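Novice: After the structure tokens below, expect a handful of questions from me.
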Amino acid sequence: MITLLLLLAACLLTCLGQIAQKYAVEGWRGQPAGWALKLRSPWLWLALLCLGLGLLVWLLVLQRLEVGIAYPMLSLNFVLITLVARFVFHEPVDRRHWIGVALVMGGVLLLGGQV
């Protein structure tokens, strides 16, 4: 059970990092090309924090699971990010993409029985 929770935590932290990256670059629009202002973005630092913590949790997962089982479970990130893209960022998601999400979820469910 702890392994599954760690795996979910790694997925969520990675997704939060990706979302924070998106917010960071959205905030950079219209700013000068230099990095000085960009490095002050709290979204950028949140992204780095989440991705760093996600990496540490991922290392704990790899201690408990075979990489051949653990890594495909990270495909949940595609599902979560698609949902965020659609419902938070209002990006269009076509039918083929939703079918792909459903297939990924099916694969995760099949592999999840081995966790």
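Residue names in the structure tokens use chain letters A, B, ... in the order shown, residue numbers from 1 in each chain, and ligand numbers from 1 in the order shown.
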Using only C-alpha atoms, which residues of range 36-90 of chain A come within 6 Å of range 5-17 of chain A, and what is the closest atom pair for each, with the distance in Å to one decimal? Give it as CSV, sorted by chain and residue number.
Specialist:
residue,atom,partner,partner_atom,distance
A:Ala47,CA,A:Gly17,CA,4.1
A:Cys50,CA,A:Gly17,CA,4.9
A:Leu51,CA,A:Gly17,CA,5.2
A:Gly54,CA,A:Ala10,CA,4.7
A:Val57,CA,A:Ala10,CA,5.5
A:Trp58,CA,A:Ala10,CA,5.5
A:Asn77,CA,A:Cys11,CA,6.0
Novice: Take the residues from that selection and write them out as an mmCIF file, in the first residue's frame, keeping N, CA, C and O atoms.
Specialist:
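Writing the result to selection-v4.cif gives the following:
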data_model
loop_
_atom_site.group_PDB
_atom_site.id
_atom_site.type_symbol
_atom_site.label_atom_id
_atom_site.label_comp_id
_atom_site.auth_asym_id
_atom_site.auth_seq_id
_atom_site.Cartn_x
_atom_site.Cartn_y
_atom_site.Cartn_z
ATOM 1 N N ALA A 47 7.756 25.028 -9.455
ATOM 2 C CA ALA A 47 7.983 23.930 -10.402
ATOM 3 C C ALA A 47 9.241 23.157 -10.037
ATOM 4 O O ALA A 47 9.233 21.921 -9.995
ATOM 5 N N CYS A 50 8.589 21.113 -6.798
ATOM 6 C CA CYS A 50 7.739 19.939 -7.028
ATOM 7 C C CYS A 50 8.475 18.861 -7.818
ATOM 8 O O CYS A 50 8.396 17.676 -7.485
ATOM 9 N N LEU A 51 9.182 19.268 -8.859
ATOM 10 C CA LEU A 51 9.909 18.289 -9.670
ATOM 11 C C LEU A 51 11.041 17.648 -8.876
ATOM 12 O O LEU A 51 11.298 16.450 -9.004
ATOM 13 N N GLY A 54 9.418 15.298 -6.461
ATOM 14 C CA GLY A 54 8.934 14.162 -7.252
ATOM 15 C C GLY A 54 10.056 13.189 -7.570
ATOM 16 O O GLY A 54 9.875 11.971 -7.517
ATOM 17 N N VAL A 57 10.863 11.194 -4.370
ATOM 18 C CA VAL A 57 9.829 10.177 -4.130
ATOM 19 C C VAL A 57 9.962 9.052 -5.151
ATOM 20 O O VAL A 57 9.807 7.875 -4.830
ATOM 21 N N TRP A 58 10.269 9.417 -6.393
ATOM 22 C CA TRP A 58 10.450 8.418 -7.445
ATOM 23 C C TRP A 58 11.576 7.443 -7.086
ATOM 24 O O TRP A 58 11.482 6.244 -7.330
ATOM 25 N N ASN A 77 0.473 10.561 -15.543
ATOM 26 C CA ASN A 77 0.752 11.980 -15.764
ATOM 27 C C ASN A 77 0.082 12.484 -17.034
ATOM 28 O O ASN A 77 -0.412 13.607 -17.071
#
Novice: Going by DSSP on the backbone, which bits of chain A are alpha helix (DSSP H)? Write them as a PyMOL selection string, please.
Specialist: chain A and resi 2-28+35-38+42-64+67-73+76-87+95-112
Novice: Keeping only C-alpha atoms, take the residues you just selected and write them out as a PDB file, in the first residue's frame.
Specialist:
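That gives us result-v7.pdb:
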ATOM      1  CA  ILE A   2       2.838   2.395   0.825  1.00  0.00           C
ATOM      2  CA  THR A   3       4.361   1.713  -2.593  1.00  0.00           C
ATOM      3  CA  LEU A   4       1.131   2.695  -4.332  1.00  0.00           C
ATOM      4  CA  LEU A   5       0.910   5.887  -2.271  1.00  0.00           C
ATOM      5  CA  LEU A   6       4.512   6.755  -3.118  1.00  0.00           C
ATOM      6  CA  LEU A   7       3.829   6.128  -6.793  1.00  0.00           C
ATOM      7  CA  LEU A   8       0.774   8.396  -6.695  1.00  0.00           C
ATOM      8  CA  ALA A   9       2.771  11.055  -4.832  1.00  0.00           C
ATOM      9  CA  ALA A  10       5.503  10.931  -7.491  1.00  0.00           C
ATOM     10  CA  CYS A  11       2.874  11.342 -10.213  1.00  0.00           C
ATOM     11  CA  LEU A  12       1.139  14.218  -8.462  1.00  0.00           C
ATOM     12  CA  LEU A  13       4.360  16.070  -7.689  1.00  0.00           C
ATOM     13  CA  THR A  14       5.525  15.693 -11.275  1.00  0.00           C
ATOM     14  CA  CYS A  15       2.181  16.950 -12.575  1.00  0.00           C
ATOM     15  CA  LEU A  16       2.183  19.892 -10.180  1.00  0.00           C
ATOM     16  CA  GLY A  17       5.676  20.725 -11.417  1.00  0.00           C
ATOM     17  CA  GLN A  18       4.480  20.685 -15.019  1.00  0.00           C
ATOM     18  CA  ILE A  19       1.478  22.870 -14.194  1.00  0.00           C
ATOM     19  CA  ALA A  20       3.686  25.350 -12.345  1.00  0.00           C
ATOM     20  CA  GLN A  21       5.995  25.459 -15.384  1.00  0.00           C
ATOM     21  CA  LYS A  22       3.018  26.317 -17.576  1.00  0.00           C
ATOM     22  CA  TYR A  23       1.968  29.124 -15.224  1.00  0.00           C
ATOM     23  CA  ALA A  24       5.567  30.390 -15.150  1.00  0.00           C
ATOM     24  CA  VAL A  25       5.858  30.668 -18.920  1.00  0.00           C
ATOM     25  CA  GLU A  26       2.384  32.189 -19.184  1.00  0.00           C
ATOM     26  CA  GLY A  27       3.576  34.889 -16.781  1.00  0.00           C
ATOM     27  CA  TRP A  28       6.623  35.564 -18.947  1.00  0.00           C
ATOM     28  CA  TRP A  35      16.355  35.960 -17.459  1.00  0.00           C
ATOM     29  CA  ALA A  36      16.582  38.284 -14.444  1.00  0.00           C
ATOM     30  CA  LEU A  37      12.811  38.862 -14.200  1.00  0.00           C
ATOM     31  CA  LYS A  38      12.003  35.313 -15.190  1.00  0.00           C
ATOM     32  CA  PRO A  42       7.354  32.032  -7.862  1.00  0.00           C
ATOM     33  CA  TRP A  43       5.822  29.570 -10.335  1.00  0.00           C
ATOM     34  CA  LEU A  44       9.272  28.675 -11.627  1.00  0.00           C
ATOM     35  CA  TRP A  45      10.528  27.971  -8.103  1.00  0.00           C
ATOM     36  CA  LEU A  46       7.400  25.991  -7.253  1.00  0.00           C
ATOM     37  CA  ALA A  47       7.983  23.930 -10.402  1.00  0.00           C
ATOM     38  CA  LEU A  48      11.565  23.211  -9.401  1.00  0.00           C
ATOM     39  CA  LEU A  49      10.498  22.282  -5.873  1.00  0.00           C
ATOM     40  CA  CYS A  50       7.739  19.939  -7.028  1.00  0.00           C
ATOM     41  CA  LEU A  51       9.909  18.289  -9.670  1.00  0.00           C
ATOM     42  CA  GLY A  52      12.766  17.882  -7.195  1.00  0.00           C
ATOM     43  CA  LEU A  53      10.503  16.332  -4.559  1.00  0.00           C
ATOM     44  CA  GLY A  54       8.934  14.162  -7.252  1.00  0.00           C
ATOM     45  CA  LEU A  55      12.392  12.875  -8.146  1.00  0.00           C
ATOM     46  CA  LEU A  56      13.143  11.987  -4.525  1.00  0.00           C
ATOM     47  CA  VAL A  57       9.829  10.177  -4.130  1.00  0.00           C
ATOM     48  CA  TRP A  58      10.450   8.418  -7.445  1.00  0.00           C
ATOM     49  CA  LEU A  59      13.736   7.075  -6.061  1.00  0.00           C
ATOM     50  CA  LEU A  60      11.784   5.586  -3.146  1.00  0.00           C
ATOM     51  CA  VAL A  61       9.387   3.989  -5.617  1.00  0.00           C
ATOM     52  CA  LEU A  62      12.262   2.441  -7.554  1.00  0.00           C
ATOM     53  CA  GLN A  63      13.559   0.874  -4.337  1.00  0.00           C
ATOM     54  CA  ARG A  64      10.245  -0.958  -3.967  1.00  0.00           C
ATOM     55  CA  VAL A  67      11.314  -0.236 -13.169  1.00  0.00           C
ATOM     56  CA  GLY A  68       9.352  -2.189 -15.805  1.00  0.00           C
ATOM     57  CA  ILE A  69       6.261  -1.885 -13.598  1.00  0.00           C
ATOM     58  CA  ALA A  70       6.902   1.510 -12.019  1.00  0.00           C
ATOM     59  CA  TYR A  71       7.752   3.535 -15.108  1.00  0.00           C
ATOM     60  CA  PRO A  72       4.625   2.769 -17.139  1.00  0.00           C
ATOM     61  CA  MET A  73       2.567   3.820 -14.106  1.00  0.00           C
ATOM     62  CA  LEU A  76      -0.989   8.656 -15.249  1.00  0.00           C
ATOM     63  CA  ASN A  77       0.752  11.980 -15.764  1.00  0.00           C
ATOM     64  CA  PHE A  78      -0.573  12.088 -19.326  1.00  0.00           C
ATOM     65  CA  VAL A  79      -4.104  11.602 -18.030  1.00  0.00           C
ATOM     66  CA  LEU A  80      -3.815  14.212 -15.287  1.00  0.00           C
ATOM     67  CA  ILE A  81      -2.120  16.797 -17.479  1.00  0.00           C
ATOM     68  CA  THR A  82      -4.720  16.301 -20.213  1.00  0.00           C
ATOM     69  CA  LEU A  83      -7.482  16.980 -17.679  1.00  0.00           C
ATOM     70  CA  VAL A  84      -5.700  20.091 -16.416  1.00  0.00           C
ATOM     71  CA  ALA A  85      -5.029  21.307 -19.957  1.00  0.00           C
ATOM     72  CA  ARG A  86      -8.684  20.944 -20.840  1.00  0.00           C
ATOM     73  CA  PHE A  87     -10.377  22.200 -17.683  1.00  0.00           C
ATOM     74  CA  ARG A  95     -11.623  12.724 -29.565  1.00  0.00           C
ATOM     75  CA  ARG A  96      -8.450  10.875 -30.541  1.00  0.00           C
ATOM     76  CA  HIS A  97      -6.672  12.349 -27.549  1.00  0.00           C
ATOM     77  CA  TRP A  98      -9.483  11.221 -25.210  1.00  0.00           C
ATOM     78  CA  ILE A  99      -9.294   7.722 -26.703  1.00  0.00           C
ATOM     79  CA  GLY A 100      -5.554   7.727 -26.036  1.00  0.00           C
ATOM     80  CA  VAL A 101      -6.204   8.808 -22.440  1.00  0.00           C
ATOM     81  CA  ALA A 102      -8.683   5.946 -22.015  1.00  0.00           C
ATOM     82  CA  LEU A 103      -6.138   3.464 -23.383  1.00  0.00           C
ATOM     83  CA  VAL A 104      -3.459   4.784 -21.018  1.00  0.00           C
ATOM     84  CA  MET A 105      -5.858   4.443 -18.094  1.00  0.00           C
ATOM     85  CA  GLY A 106      -6.579   0.853 -19.140  1.00  0.00           C
ATOM     86  CA  GLY A 107      -2.876   0.059 -19.229  1.00  0.00           C
ATOM     87  CA  VAL A 108      -2.318   1.639 -15.825  1.00  0.00           C
ATOM     88  CA  LEU A 109      -5.188  -0.411 -14.397  1.00  0.00           C
ATOM     89  CA  LEU A 110      -3.718  -3.606 -15.844  1.00  0.00           C
ATOM     90  CA  LEU A 111      -0.285  -2.863 -14.408  1.00  0.00           C
ATOM     91  CA  GLY A 112      -1.708  -1.545 -11.144  1.00  0.00           C
TER      92      GLY A 112
END
Novice: Just how far from CA of Leu39 in chain A is CA of Val88 in chain A, in Å to one decimal?
Specialist: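 Interatomic distance here is 24.1 Å.
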Novice: So the first atom is CA of Glu91 in chain A and the second is CA of Arg29 in chain A; what is the distance between them in Å, to one decimal place?
Specialist: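 Interatomic distance, CA of Glu91 in chain A to CA of Arg29 in chain A: 17.4 Å.
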